[in-house]
Amino acid sequence: MRGTFGYMAPEVISVGKAPVTERCDVYSFGMLLFELIGRRKNMDNNAPESHKFLPLLAWTMYEQGNLLELVKECHYPVAASDEEQWKEAAERMCKVAFLCVQEQPEERPTMSTVVNMLEGHMEIPPPVYPFGWMYPQEASAGSGSKSEVFIRIDT
């Protein structure tokens, strides 16, 4: 297996599930977008449990309409006059990142579409929860069932 854990698309981790395509690069780019927004690695084992996986933290804040808090928490204080601009930029980047990290490769946009969405040339469709393959209990909140996912990496 090749790649850096944390940036590898699910189909790369689950060998034999799907072919490796350019959509794997889109997934990796989405993870990089989260790091640009949060100004930290996507996984921080020293952070409190709810803040360890930055993309999941971003999703939680997105659902709560609190992405500006993620920017404020991960950056320095945002001036009141700049809040709307920061909020729009964070929301645009996070929504695109959520689309990039969808589990199924065919659900991810192409890189040219990603660029157009980031530049504001295209409307960004509302993302769906992308982490069901890693955090299924989050994807099925309210169903009462809990699942566990174990990822084994052989080197």
# chains A, B, ... in the order shown; residues from 1 in each chain; ligands from 1
>>> residues_around(residues="Arg23 (chain A)", least_positions_apart="2", cutoff="7 Å", atoms="only C-alpha atoms", output="list in words")
Thr21, Asp25, Val26, Tyr27, Pro105, Arg108 and Thr110 of chain A
>>> write_last_selection(atoms="all heavy atoms", output="tab-separated table (two decimals), in the first residue's frame")
chain	number	residue	atom	x	y	z
A	21	THR	N	-8.02	5.78	-8.52
A	21	THR	CA	-8.21	6.71	-9.63
A	21	THR	C	-7.79	8.11	-9.21
A	21	THR	O	-7.36	8.33	-8.07
A	21	THR	CB	-9.69	6.75	-10.07
A	21	THR	OG1	-10.45	7.34	-9.02
A	21	THR	CG2	-10.22	5.36	-10.38
A	25	ASP	N	-6.84	11.44	-5.41
A	25	ASP	CA	-6.16	12.72	-5.22
A	25	ASP	C	-7.13	13.79	-4.73
A	25	ASP	O	-6.77	14.65	-3.93
A	25	ASP	CB	-5.50	13.18	-6.52
A	25	ASP	CG	-4.38	12.26	-6.95
A	25	ASP	OD1	-3.76	11.62	-6.08
A	25	ASP	OD2	-4.12	12.17	-8.17
A	26	VAL	N	-8.37	13.74	-5.21
A	26	VAL	CA	-9.40	14.68	-4.77
A	26	VAL	C	-9.64	14.49	-3.27
A	26	VAL	O	-9.75	15.46	-2.52
A	26	VAL	CB	-10.70	14.51	-5.57
A	26	VAL	CG1	-11.83	15.34	-5.00
A	26	VAL	CG2	-10.47	14.87	-7.04
A	27	TYR	N	-9.70	13.23	-2.84
A	27	TYR	CA	-9.88	12.94	-1.41
A	27	TYR	C	-8.73	13.56	-0.61
A	27	TYR	O	-8.95	14.25	0.38
A	27	TYR	CB	-9.93	11.42	-1.18
A	27	TYR	CG	-10.16	11.05	0.26
A	27	TYR	CD1	-11.44	10.83	0.74
A	27	TYR	CD2	-9.09	10.95	1.16
A	27	TYR	CE1	-11.66	10.50	2.08
A	27	TYR	CE2	-9.30	10.63	2.50
A	27	TYR	CZ	-10.59	10.40	2.94
A	27	TYR	OH	-10.80	10.09	4.26
A	105	PRO	N	-15.83	7.10	-4.49
A	105	PRO	CA	-15.09	7.96	-5.43
A	105	PRO	C	-16.00	8.70	-6.41
A	105	PRO	O	-15.76	9.88	-6.71
A	105	PRO	CB	-14.18	6.98	-6.17
A	105	PRO	CG	-14.10	5.78	-5.30
A	105	PRO	CD	-15.36	5.72	-4.50
A	108	ARG	N	-17.32	12.11	-5.34
A	108	ARG	CA	-16.39	13.23	-5.22
A	108	ARG	C	-16.36	14.03	-6.51
A	108	ARG	O	-16.47	13.48	-7.59
A	108	ARG	CB	-14.98	12.72	-4.93
A	108	ARG	CG	-14.87	11.95	-3.65
A	108	ARG	CD	-13.47	11.39	-3.44
A	108	ARG	NE	-13.57	10.23	-2.56
A	108	ARG	CZ	-12.86	9.13	-2.69
A	108	ARG	NH1	-11.95	9.02	-3.64
A	108	ARG	NH2	-13.04	8.13	-1.85
A	110	THR	N	-14.67	16.39	-9.55
A	110	THR	CA	-13.38	16.40	-10.24
A	110	THR	C	-12.57	17.58	-9.71
A	110	THR	O	-13.11	18.50	-9.11
A	110	THR	CB	-13.57	16.56	-11.76
A	110	THR	OG1	-14.19	17.83	-12.00
A	110	THR	CG2	-14.42	15.43	-12.35
>>> closest_atom_pairs(of="region 20-57 of chain A", to="region 119-131 of chain A", cutoff="12 Å", atoms="only C-alpha atoms", output="JSON lines")
{"residue": "A:Tyr27", "atom": "CA", "partner": "A:Pro130", "partner_atom": "CA", "distance": 10.8}
{"residue": "A:Gly30", "atom": "CA", "partner": "A:Pro130", "partner_atom": "CA", "distance": 11.2}
{"residue": "A:Met31", "atom": "CA", "partner": "A:Pro130", "partner_atom": "CA", "distance": 11.7}
{"residue": "A:Phe53", "atom": "CA", "partner": "A:Phe131", "partner_atom": "CA", "distance": 10.8}
{"residue": "A:Leu54", "atom": "CA", "partner": "A:Phe131", "partner_atom": "CA", "distance": 11.8}
{"residue": "A:Pro55", "atom": "CA", "partner": "A:Phe131", "partner_atom": "CA", "distance": 8.8}
{"residue": "A:Leu56", "atom": "CA", "partner": "A:Phe131", "partner_atom": "CA", "distance": 7.5}
{"residue": "A:Leu57", "atom": "CA", "partner": "A:Phe131", "partner_atom": "CA", "distance": 11.2}
>>> write_last_selection(atoms="C-alpha atoms", output="short mmCIF file (atom, residue, chain, number, x, y, z; two decimals), in the first residue's frame")
data_model
loop_
_atom_site.label_atom_id
_atom_site.label_comp_id
_atom_site.auth_asym_id
_atom_site.auth_seq_id
_atom_site.Cartn_x
_atom_site.Cartn_y
_atom_site.Cartn_z
CA TYR A 27 -9.88 12.94 -1.41
CA GLY A 30 -10.03 17.61 0.69
CA MET A 31 -8.05 16.51 3.73
CA PHE A 53 -10.04 14.36 14.08
CA LEU A 54 -10.19 17.85 12.57
CA PRO A 55 -12.54 16.96 9.66
CA LEU A 56 -15.11 15.48 12.07
CA LEU A 57 -14.81 18.57 14.29
#
